[in-house]
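The file final_7.tsv comes next; it holds TSV, N, CA and C atoms.
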chain	number	residue	atom	x	y	z
A	24	MET	N	-15.96	90.47	-5.32
A	24	MET	CA	-16.08	89.58	-6.47
A	24	MET	C	-17.55	89.40	-6.83
A	25	ASN	N	-17.80	89.37	-8.10
A	25	ASN	CA	-19.17	89.17	-8.58
A	25	ASN	C	-19.28	87.76	-9.15
A	26	HIS	N	-19.98	86.88	-8.43
A	26	HIS	CA	-20.16	85.50	-8.88
A	26	HIS	C	-21.58	85.31	-9.40
A	27	LYS	N	-21.67	84.93	-10.65
A	27	LYS	CA	-22.98	84.61	-11.21
A	27	LYS	C	-23.31	83.17	-10.84
A	28	PRO	N	-24.59	82.89	-10.60
A	28	PRO	CA	-24.97	81.51	-10.29
A	28	PRO	C	-24.66	80.59	-11.46
A	29	LYS	N	-24.17	79.42	-11.16
A	29	LYS	CA	-23.89	78.43	-12.18
A	29	LYS	C	-25.19	78.02	-12.85
A	30	PHE	N	-25.20	77.95	-14.17
A	30	PHE	CA	-26.37	77.53	-14.94
A	30	PHE	C	-27.62	78.35	-14.62
A	31	GLY	N	-27.44	79.65	-14.44
A	31	GLY	CA	-28.58	80.53	-14.20
A	31	GLY	C	-29.32	80.23	-12.91
A	32	GLY	N	-28.64	79.62	-11.95
A	32	GLY	CA	-29.25	79.31	-10.67
A	32	GLY	C	-29.91	77.95	-10.61
A	33	PHE	N	-29.94	77.22	-11.73
A	33	PHE	CA	-30.50	75.87	-11.73
A	33	PHE	C	-29.51	74.89	-11.11
A	34	THR	N	-30.05	73.87	-10.50
A	34	THR	CA	-29.19	72.81	-9.97
A	34	THR	C	-28.68	71.95	-11.11
A	35	ASP	N	-27.67	71.15	-10.84
A	35	ASP	CA	-27.15	70.24	-11.86
A	35	ASP	C	-28.25	69.30	-12.35
A	36	ASP	N	-29.07	68.81	-11.44
A	36	ASP	CA	-30.17	67.91	-11.84
A	36	ASP	C	-31.18	68.63	-12.72
A	37	GLN	N	-31.47	69.89	-12.42
A	37	GLN	CA	-32.41	70.66	-13.23
A	37	GLN	C	-31.83	70.89	-14.63
A	38	VAL	N	-30.54	71.19	-14.72
A	38	VAL	CA	-29.90	71.40	-16.02
A	38	VAL	C	-29.96	70.10	-16.83
A	39	ALA	N	-29.70	68.98	-16.18
A	39	ALA	CA	-29.78	67.70	-16.88
A	39	ALA	C	-31.19	67.45	-17.40
A	40	GLN	N	-32.21	67.79	-16.60
A	40	GLN	CA	-33.59	67.61	-17.04
A	40	GLN	C	-33.91	68.53	-18.21
A	41	ILE	N	-33.42	69.76	-18.17
A	41	ILE	CA	-33.64	70.71	-19.26
A	41	ILE	C	-33.00	70.19	-20.54
A	42	LEU	N	-31.75	69.76	-20.44
A	42	LEU	CA	-31.04	69.26	-21.63
A	42	LEU	C	-31.68	67.99	-22.16
A	43	GLU	N	-32.19	67.16	-21.27
A	43	GLU	CA	-32.88	65.95	-21.71
A	43	GLU	C	-34.14	66.32	-22.49
A	44	GLN	N	-34.87	67.32	-22.01
A	44	GLN	CA	-36.07	67.76	-22.72
A	44	GLN	C	-35.72	68.36	-24.07
A	45	VAL	N	-34.63	69.14	-24.12
A	45	VAL	CA	-34.16	69.69	-25.40
A	45	VAL	C	-33.85	68.56	-26.37
A	46	ALA	N	-33.13	67.56	-25.91
A	46	ALA	CA	-32.76	66.44	-26.78
A	46	ALA	C	-34.00	65.67	-27.24
A	47	LEU	N	-34.96	65.45	-26.34
A	47	LEU	CA	-36.20	64.76	-26.72
A	47	LEU	C	-36.96	65.55	-27.78
A	48	THR	N	-37.06	66.85	-27.59
A	48	THR	CA	-37.77	67.70	-28.54
A	48	THR	C	-37.09	67.68	-29.90
A	49	ILE	N	-35.76	67.74	-29.90
A	49	ILE	CA	-35.02	67.69	-31.15
A	49	ILE	C	-35.21	66.35	-31.83
A	50	ASP	N	-35.22	65.27	-31.07
A	50	ASP	CA	-35.44	63.94	-31.66
A	50	ASP	C	-36.80	63.86	-32.35
A	51	VAL	N	-37.84	64.39	-31.72
A	51	VAL	CA	-39.18	64.40	-32.33
A	51	VAL	C	-39.17	65.25	-33.60
A	52	ALA	N	-38.53	66.43	-33.54
A	52	ALA	CA	-38.46	67.30	-34.72
A	52	ALA	C	-37.74	66.61	-35.87
A	53	CYS	N	-36.66	65.90	-35.56
A	53	CYS	CA	-35.92	65.17	-36.60
A	53	CYS	C	-36.80	64.10	-37.24
A	54	GLY	N	-37.57	63.40	-36.44
A	54	GLY	CA	-38.48	62.39	-36.97
A	54	GLY	C	-39.51	62.98	-37.92
A	55	ILE	N	-40.06	64.12	-37.55
A	55	ILE	CA	-41.04	64.79	-38.40
A	55	ILE	C	-40.39	65.21	-39.72
A	56	LEU	N	-39.18	65.77	-39.64
A	56	LEU	CA	-38.49	66.20	-40.86
A	56	LEU	C	-38.18	65.02	-41.77
A	57	ARG	N	-37.72	63.90	-41.18
A	57	ARG	CA	-37.41	62.72	-42.00
A	57	ARG	C	-38.65	62.20	-42.70
A	58	GLU	N	-39.77	62.14	-41.99
A	58	GLU	CA	-41.02	61.66	-42.59
A	58	GLU	C	-41.46	62.59	-43.71
A	59	LYS	N	-41.39	63.89	-43.48
A	59	LYS	CA	-41.83	64.86	-44.48
A	59	LYS	C	-40.93	64.81	-45.71
A	60	ALA	N	-39.61	64.66	-45.49
A	60	ALA	CA	-38.67	64.61	-46.62
A	60	ALA	C	-38.86	63.37	-47.47
A	61	ALA	N	-39.41	62.31	-46.90
A	61	ALA	CA	-39.61	61.06	-47.63
A	61	ALA	C	-40.88	61.06	-48.48
A	62	GLU	N	-41.75	62.05	-48.28
A	62	GLU	CA	-42.98	62.12	-49.05
A	62	GLU	C	-42.68	62.55	-50.48
A	63	PRO	N	-43.18	61.78	-51.48
A	63	PRO	CA	-42.87	62.06	-52.89
A	63	PRO	C	-43.23	63.48	-53.35
A	64	GLU	N	-44.31	64.01	-52.85
A	64	GLU	CA	-44.74	65.34	-53.30
A	64	GLU	C	-43.89	66.46	-52.72
A	65	GLU	N	-43.00	66.12	-51.80
A	65	GLU	CA	-42.16	67.12	-51.15
A	65	GLU	C	-40.72	67.10	-51.67
A	66	VAL	N	-40.50	66.56	-52.86
A	66	VAL	CA	-39.15	66.43	-53.40
A	66	VAL	C	-38.44	67.78	-53.46
A	67	ASP	N	-39.15	68.84	-53.81
A	67	ASP	CA	-38.54	70.16	-53.96
A	67	ASP	C	-37.91	70.66	-52.66
A	68	ILE	N	-38.47	70.29	-51.54
A	68	ILE	CA	-37.92	70.79	-50.28
A	68	ILE	C	-37.17	69.72	-49.49
A	69	SER	N	-36.99	68.54	-50.07
A	69	SER	CA	-36.37	67.46	-49.31
A	69	SER	C	-34.95	67.78	-48.89
A	70	LEU	N	-34.17	68.46	-49.72
A	70	LEU	CA	-32.80	68.82	-49.34
A	70	LEU	C	-32.80	69.77	-48.15
A	71	THR	N	-33.71	70.71	-48.14
A	71	THR	CA	-33.83	71.62	-47.01
A	71	THR	C	-34.19	70.87	-45.74
A	72	LEU	N	-35.14	69.94	-45.85
A	72	LEU	CA	-35.56	69.17	-44.70
A	72	LEU	C	-34.43	68.27	-44.19
A	73	HIS	N	-33.69	67.65	-45.10
A	73	HIS	CA	-32.55	66.82	-44.69
A	73	HIS	C	-31.47	67.68	-44.03
A	74	GLY	N	-31.25	68.88	-44.54
A	74	GLY	CA	-30.30	69.80	-43.92
A	74	GLY	C	-30.71	70.19	-42.52
A	75	LEU	N	-31.98	70.50	-42.35
A	75	LEU	CA	-32.50	70.83	-41.01
A	75	LEU	C	-32.37	69.63	-40.07
A	76	ASP	N	-32.64	68.44	-40.59
A	76	ASP	CA	-32.52	67.22	-39.81
A	76	ASP	C	-31.08	67.05	-39.31
A	77	ALA	N	-30.12	67.28	-40.19
A	77	ALA	CA	-28.71	67.13	-39.81
A	77	ALA	C	-28.31	68.14	-38.74
A	78	MET	N	-28.78	69.39	-38.89
A	78	MET	CA	-28.46	70.40	-37.88
A	78	MET	C	-29.09	70.08	-36.54
A	79	LEU	N	-30.34	69.64	-36.56
A	79	LEU	CA	-31.01	69.28	-35.32
A	79	LEU	C	-30.37	68.06	-34.67
A	80	ASN	N	-29.93	67.09	-35.47
A	80	ASN	CA	-29.24	65.93	-34.91
A	80	ASN	C	-27.97	66.35	-34.19
A	81	ALA	N	-27.22	67.28	-34.76
A	81	ALA	CA	-26.00	67.75	-34.11
A	81	ALA	C	-26.33	68.45	-32.79
A	82	ALA	N	-27.36	69.30	-32.80
A	82	ALA	CA	-27.76	69.99	-31.57
A	82	ALA	C	-28.27	69.00	-30.53
A	83	GLY	N	-29.03	68.01	-30.98
A	83	GLY	CA	-29.52	66.98	-30.06
A	83	GLY	C	-28.39	66.18	-29.45
A	84	ALA	N	-27.39	65.87	-30.26
A	84	ALA	CA	-26.24	65.11	-29.75
A	84	ALA	C	-25.52	65.91	-28.67
A	85	LEU	N	-25.37	67.21	-28.89
A	85	LEU	CA	-24.73	68.05	-27.88
A	85	LEU	C	-25.53	68.07	-26.58
A	86	ALA	N	-26.83	68.28	-26.69
A	86	ALA	CA	-27.67	68.31	-25.49
A	86	ALA	C	-27.68	66.96	-24.79
A	87	ASP	N	-27.79	65.89	-25.56
A	87	ASP	CA	-27.86	64.55	-24.98
A	87	ASP	C	-26.54	64.15	-24.33
A	88	SER	N	-25.43	64.66	-24.86
A	88	SER	CA	-24.14	64.32	-24.26
A	88	SER	C	-24.06	64.82	-22.82
A	89	ALA	N	-24.73	65.94	-22.54
A	89	ALA	CA	-24.73	66.48	-21.17
A	89	ALA	C	-25.61	65.66	-20.23
A	90	THR	N	-26.48	64.82	-20.79
A	90	THR	CA	-27.33	63.97	-19.94
A	90	THR	C	-26.76	62.57	-19.81
A	91	GLY	N	-25.59	62.34	-20.38
A	91	GLY	CA	-25.01	61.00	-20.37
A	91	GLY	C	-25.61	60.11	-21.44
A	92	GLY	N	-26.26	60.70	-22.43
A	92	GLY	CA	-26.86	59.93	-23.52
A	92	GLY	C	-28.17	59.28	-23.15
A	93	ASN	N	-28.89	59.87	-22.19
A	93	ASN	CA	-30.15	59.28	-21.71
A	93	ASN	C	-31.26	59.26	-22.76
A	94	VAL	N	-31.18	60.11	-23.78
A	94	VAL	CA	-32.27	60.20	-24.75
A	94	VAL	C	-32.06	59.25	-25.92
A	95	ILE	N	-30.98	59.43	-26.68
A	95	ILE	CA	-30.69	58.59	-27.84
A	95	ILE	C	-29.39	57.82	-27.62
A	96	GLY	N	-28.43	58.48	-27.05
A	96	GLY	CA	-27.11	57.88	-26.83
A	96	GLY	C	-26.02	58.87	-27.15
A	97	ASP	N	-24.86	58.35	-27.53
A	97	ASP	CA	-23.74	59.23	-27.82
A	97	ASP	C	-23.86	59.85	-29.20
A	98	MET	N	-22.85	60.62	-29.58
A	98	MET	CA	-22.86	61.32	-30.86
A	98	MET	C	-23.00	60.36	-32.03
A	99	HIS	N	-22.41	59.18	-31.93
A	99	HIS	CA	-22.51	58.21	-33.03
A	99	HIS	C	-23.95	57.74	-33.22
A	100	ALA	N	-24.65	57.51	-32.14
A	100	ALA	CA	-26.05	57.09	-32.23
A	100	ALA	C	-26.91	58.19	-32.86
A	101	TRP	N	-26.64	59.44	-32.49
A	101	TRP	CA	-27.40	60.56	-33.05
A	101	TRP	C	-27.11	60.76	-34.54
A	102	LEU	N	-25.82	60.76	-34.90
A	102	LEU	CA	-25.44	61.14	-36.26
A	102	LEU	C	-25.39	59.97	-37.23
A	103	CYS	N	-25.18	58.76	-36.74
A	103	CYS	CA	-25.06	57.59	-37.61
A	103	CYS	C	-26.26	56.66	-37.52
A	104	GLY	N	-27.15	56.91	-36.60
A	104	GLY	CA	-28.35	56.11	-36.48
A	104	GLY	C	-28.28	55.10	-35.35
A	105	PRO	N	-29.43	54.57	-34.96
A	105	PRO	CA	-29.52	53.69	-33.80
A	105	PRO	C	-28.82	52.34	-33.98
A	106	LEU	N	-28.54	51.95	-35.21
A	106	LEU	CA	-27.91	50.65	-35.45
A	106	LEU	C	-26.38	50.73	-35.42
A	107	PHE	N	-25.82	51.92	-35.29
A	107	PHE	CA	-24.38	52.10	-35.36
A	107	PHE	C	-23.64	51.22	-34.36
A	108	HIS	N	-24.02	51.28	-33.10
A	108	HIS	CA	-23.32	50.51	-32.07
A	108	HIS	C	-23.58	49.01	-32.21
A	109	ARG	N	-24.79	48.65	-32.62
A	109	ARG	CA	-25.10	47.23	-32.82
A	109	ARG	C	-24.22	46.65	-33.92
A	110	ASP	N	-24.12	47.37	-35.03
A	110	ASP	CA	-23.31	46.90	-36.15
A	110	ASP	C	-21.84	46.82	-35.76
A	111	ARG	N	-21.38	47.78	-34.98
A	111	ARG	CA	-19.99	47.79	-34.52
A	111	ARG	C	-19.72	46.60	-33.61
A	112	ALA	N	-20.66	46.32	-32.71
A	112	ALA	CA	-20.51	45.18	-31.79
A	112	ALA	C	-20.52	43.87	-32.56
A	113	THR	N	-21.38	43.77	-33.58
A	113	THR	CA	-21.45	42.56	-34.39
A	113	THR	C	-20.13	42.33	-35.13
A	114	ALA	N	-19.56	43.40	-35.69
A	114	ALA	CA	-18.28	43.29	-36.40
A	114	ALA	C	-17.17	42.87	-35.44
A	115	ALA	N	-17.17	43.41	-34.23
A	115	ALA	CA	-16.15	43.05	-33.25
A	115	ALA	C	-16.28	41.59	-32.84
A	116	ALA	N	-17.53	41.12	-32.68
A	116	ALA	CA	-17.74	39.71	-32.31
A	116	ALA	C	-17.26	38.80	-33.41
A	117	HIS	N	-17.49	39.16	-34.66
A	117	HIS	CA	-17.01	38.35	-35.79
A	117	HIS	C	-15.49	38.33	-35.83
A	118	ALA	N	-14.87	39.48	-35.55
A	118	ALA	CA	-13.41	39.56	-35.57
A	118	ALA	C	-12.80	38.70	-34.47
A	119	GLU	N	-13.42	38.71	-33.30
A	119	GLU	CA	-12.90	37.90	-32.18
A	119	GLU	C	-13.10	36.42	-32.45
A	120	GLY	N	-14.18	36.07	-33.12
A	120	GLY	CA	-14.47	34.68	-33.40
A	120	GLY	C	-13.75	34.16	-34.63
A	121	GLY	N	-13.04	35.04	-35.32
A	121	GLY	CA	-12.29	34.62	-36.50
A	121	GLY	C	-13.13	34.54	-37.75
A	122	ALA	N	-14.40	34.96	-37.67
A	122	ALA	CA	-15.27	34.92	-38.86
A	122	ALA	C	-14.89	36.05	-39.79
A	123	ALA	N	-15.00	35.79	-41.06
A	123	ALA	CA	-14.67	36.83	-42.06
A	123	ALA	C	-15.89	37.60	-42.45
Translate the structure of the given file into structure tokens.
Amino acid sequence: MNHKPKFGGFTDDQVAQILEQVALTIDVACGILREKAAEPEEVDISLTLHGLDAMLNAAGALADSATGGNVIGDMHAWLCGPLFHRDRATAAAHAEGGAA
């Protein structure tokens, strides 16, 4: 039988560190794209930059999911923004308290 090493011979901890670094790098790249897309003189390329941002967010979410969300969090935090869970928790607290 020919057994290839799991994860190219890296340990589980090493793979987690690699994926965490990938997610961190993607998060920084997304931030740069968002800032550049918001600049008024860059209107012509803003759709391209937003598209790249969306693709990188999806890739970051995948990498971060393998780390347990150590970088940004789960897929909702990556794709919906950092306030997603806070807003959800606030809505649930209002519902439990009977507030409309």
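Between atom N of Cys53 (chain A) and atom C of Ala86 (chain A) there is a distance of 14.1 Å.
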If you run DSSP on the backbone here, which positions in chain A get helix (DSSP H, G or I)? Please write them as a ChimeraX atom specification. /A:29-32,35-60,63-88,98-103,107-120
I'd like the neighbourhood of region 102-111 of chain A as a ChimeraX atom specification, where a residue qualifies if any of its atoms comes within 7 Å (using only N, CA and C atoms), though same-chain residues fewer than 3 positions away should be ignored. /A:80-81,84,97-99,114-116
Find the residues near region 47-51 of chain A: any atom within 6 Å, counting all atoms listed in the file, skip ones fewer than 4 places away on the same chain, and give them as a PyMOL selection string. chain A and resi 42-43+55+79+83
Go through A:His117, A:Glu64, A:Arg57, A:Ala39 and flag the residue nearest Ala89 (chain A), using all atoms listed in the file for the distances. A:Ala39
Quick check, in Å to one decimal: how far apart do atom N of Glu62 (chain A) and atom N of Trp101 (chain A) lie?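 Between atom N of Glu62 (chain A) and atom N of Trp101 (chain A) the gap is 22.0 Å.
Interatomic distance, CA of Val45 (chain A) to CA of Ser88 (chain A): 11.4 Å.
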Check the smallest atom-to-atom distance from each of A:Gly92, A:Leu85, A:Gly31, A:Leu72 to Ala60 (chain A) using all atoms listed in the file, then report the winner.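 Counting all atoms listed in the file, the residue closest to Ala60 (chain A) is A:Leu72.
Considering only N, CA and C atoms, the residue among A:Leu70, A:Ala112, A:Gly54, A:Ala46 positioned nearest to Ile95 (chain A) is A:Ala46.
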